[in-house]
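**Student:** Got a structure for you, questions after.
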Amino acid sequence: MRRVLCEKFPTGDRCDELSEDEAVHAAQVLRLRDGDIVEALNGQGQARTVSLEVRNKGRVTIQDLGASTVKRESSEGEVVPLCLEVAVLKGDAMDWVVEKSVELGVRSLQPVVTDHTVVQMDKKGPEKFVARWQKIADQALKQCGRLQRMEIFQPIAVQELQVVKDGSRFWCHEGLRDDAVSLVEAVRAEMQAASPEFRVLIGPEGGWSEKEKVVIETLGAKAVSLGPQVLRAETAVVFSASVVAGLWRENV
C-alpha cells in the first residue's frame, strides 16, 4: 500500500490537508488519484488507512474511512535507542547514510563538522542541508513502513559534543582497530548494564585530527573496533547501526 506522511489524522467528516511537499509527491511522483486508499503515517508511531481527495491547484486532503479504517501502531523494538554522530560526508554518501539509518531503525542522527570535513555548509547554511536530509529520511520512512520519524539535528562541531550522562558513546577509531574491543563486545557489555541510549561516533573519510582525538577522549567515549579492515565512513555507519539494532532487538 502507498503511504503518505501527515501532521494529524482526519476524524469524522473533517478532512486534513497534506503539506505542499507531500501533496506533490502523492500526486506527481506516486501518481495517486482521487479516491485512492493509502496508509497515512503521523511520524509519531501511528498509522491508519485513509482515502485521498485530490483538489484544484495541487491540494491533496485525506479523509477518515470510519469503521473500515485499519490502524497500526509502532511495535516495541522498531526504533532503536541509537543516535549516530556522523561526520558530514560529501555528495550522495550522506544522503545514503540518512536513508539506511531510517531503514535500520536509528532513532536520531547528529551530523558533525570536523577538521577534515570537505562539505562547505556556510554558503547555503546548515538549515538547508538538514531540511534536505529530513526530506530524504521521511521518504525512506514511507518506503519502509517505519512509523516514527528519525530526528536529524543541526550540525555541530566535535568541540560541541556533550558528555553522555545517561547512556554510552562508542568511538570508531580506525587507528586502534587491532587493539580496541569490538563494537559487538562493547554493546553487549552495555546491554547488561541496561544503558538507555547508545551513541556511535563515526569520523570523516580523512580521519580525525589530533586535536579532535583529544576532545573525544575527554568526553569519555569508548574506542571500539569495527573489524580488521578499514571501512569507508558510510559503510561504518551501516555496520554500526546493524550491530546495535540487532543486539538491541534480541533483548527487547
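Starting from 1 in every chain, residues are counted up; chains themselves are A, B, ... following the order of the C-alpha cells, and ligands are numbered from 1 as listed.
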So which residues of region 8-248 of chain A fall under alpha helix (DSSP H) by DSSP, listed as a PyMOL selection string?

**Tutor:** chain A and resi 20-24+92-103+126-144+183-192+210-218+233-248

**Student:** Since we have the selection now, will you write its residues out, keeping C-alpha atoms, as a compact mmCIF listing (two decimals), in the first residue's frame?

**Tutor:**
# COMPACT_ATOMS: atom_id res chain seq x y z
CA GLU A 20 2.77 21.05 -0.13
CA ASP A 21 5.72 18.65 -0.50
CA GLU A 22 3.60 15.64 0.44
CA ALA A 23 0.86 16.69 -1.98
CA VAL A 24 3.35 16.99 -4.84
CA ASP A 92 25.46 11.17 -2.22
CA ALA A 93 27.22 9.40 0.66
CA MET A 94 25.42 11.46 3.33
CA ASP A 95 22.07 11.01 1.60
CA TRP A 96 22.65 7.26 1.57
CA VAL A 97 23.61 7.28 5.25
CA VAL A 98 20.37 9.08 6.14
CA GLU A 99 18.23 6.66 4.13
CA LYS A 100 19.82 3.49 5.51
CA SER A 101 19.76 4.80 9.07
CA VAL A 102 15.99 5.17 8.83
CA GLU A 103 15.61 1.65 7.45
CA PRO A 126 23.26 24.22 7.58
CA GLU A 127 19.46 24.58 7.77
CA LYS A 128 19.15 23.80 4.06
CA PHE A 129 21.23 20.65 4.46
CA VAL A 130 19.14 19.49 7.42
CA ALA A 131 15.90 20.17 5.53
CA ARG A 132 17.17 18.07 2.62
CA TRP A 133 18.27 15.22 4.88
CA GLN A 134 14.97 15.26 6.77
CA LYS A 135 13.09 15.06 3.49
CA ILE A 136 15.17 12.04 2.47
CA ALA A 137 14.55 10.49 5.88
CA ASP A 138 10.81 10.99 5.57
CA GLN A 139 10.71 9.41 2.12
CA ALA A 140 12.65 6.43 3.48
CA LEU A 141 10.19 6.20 6.38
CA LYS A 142 7.28 5.89 3.98
CA GLN A 143 9.08 3.39 1.78
CA CYS A 144 9.99 1.01 4.60
CA LEU A 183 31.72 -2.87 18.83
CA VAL A 184 29.79 -6.12 19.28
CA GLU A 185 31.50 -6.84 22.61
CA ALA A 186 31.16 -3.25 23.79
CA VAL A 187 27.44 -3.09 23.02
CA ARG A 188 26.78 -6.46 24.66
CA ALA A 189 28.51 -5.29 27.83
CA GLU A 190 26.42 -2.11 27.91
CA MET A 191 23.24 -4.09 27.29
CA GLN A 192 23.87 -5.87 30.56
CA GLU A 210 44.92 15.07 16.59
CA LYS A 211 43.12 17.97 18.23
CA GLU A 212 39.78 16.22 17.79
CA LYS A 213 41.10 12.98 19.26
CA VAL A 214 41.97 14.82 22.44
CA VAL A 215 38.48 16.34 22.62
CA ILE A 216 36.80 12.97 22.07
CA GLU A 217 38.90 11.35 24.80
CA THR A 218 37.76 14.00 27.27
CA ALA A 233 32.62 6.13 6.52
CA GLU A 234 29.22 5.25 5.06
CA THR A 235 29.96 1.53 5.42
CA ALA A 236 30.93 2.10 9.06
CA VAL A 237 27.55 3.76 9.63
CA VAL A 238 25.56 0.82 8.28
CA PHE A 239 27.75 -1.71 10.08
CA SER A 240 27.44 0.10 13.41
CA ALA A 241 23.69 0.64 13.13
CA SER A 242 23.18 -3.02 12.19
CA VAL A 243 25.20 -4.25 15.17
CA VAL A 244 23.41 -2.07 17.72
CA ALA A 245 19.98 -2.72 16.21
CA GLY A 246 20.49 -6.46 16.06
CA LEU A 247 21.73 -6.77 19.64
CA TRP A 248 19.06 -4.41 20.97

**Student:** Select, from A:Gly105, A:Gly125, A:Gly206, A:Gly58, the residue with the minimum atom-to-atom distance to Ser19 (chain A), counting only C-alpha atoms.

**Tutor:**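 With only C-alpha atoms as the atom set, the closest residue is A:Gly58.
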
**Student:** Per residue of region 70-103 of chain A within 10 Å of region 28-50 of chain A, which atom pair is closest and at what distance in Å (one decimal), using only C-alpha atoms, listed by chain and increasing number, as CSV?

**Tutor:**
residue,atom,partner,partner_atom,distance
A:Val70,CA,A:Arg48,CA,5.4
A:Lys71,CA,A:Arg48,CA,4.3
A:Arg72,CA,A:Ala47,CA,5.0
A:Glu73,CA,A:Gln46,CA,4.5
A:Ser74,CA,A:Gly45,CA,4.7
A:Ser75,CA,A:Gly45,CA,8.4
A:Glu78,CA,A:Gly45,CA,9.5
A:Val79,CA,A:Gly45,CA,9.6

**Student:** Give me, please, the distance in Å between CA of Glu174 (chain A) and CA of His116 (chain A), quoted to one decimal.

**Tutor:**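 According to the coordinates, CA of Glu174 (chain A) and CA of His116 (chain A) are separated by 15.1 Å.
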
**Student:** Rank A:Val181, A:Val112, A:Val252, A:Val158 by their smallest atom-to-atom distance to Pro228 (chain A), using only C-alpha atoms, and report the top residue only.

**Tutor:**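 Of all the options, A:Val181 lies closest to Pro228 (chain A).
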
**Student:** Which parts of region 43-90 of chain A does DSSP call strand (DSSP E) when run on the backbone here, written out as a ChimeraX atom specification?

**Tutor:** /A:46-54,60-64,71-73,80-87

**Student:** With only C-alpha atoms as the basis for distance, which of A:Arg199, A:Lys57, A:Arg107, A:Arg169 is at the shortest distance from Arg146 (chain A)?

**Tutor:**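 Going through A:Arg199, A:Lys57, A:Arg107, A:Arg169 one by one, the smallest distance to Arg146 (chain A) is for A:Arg107.
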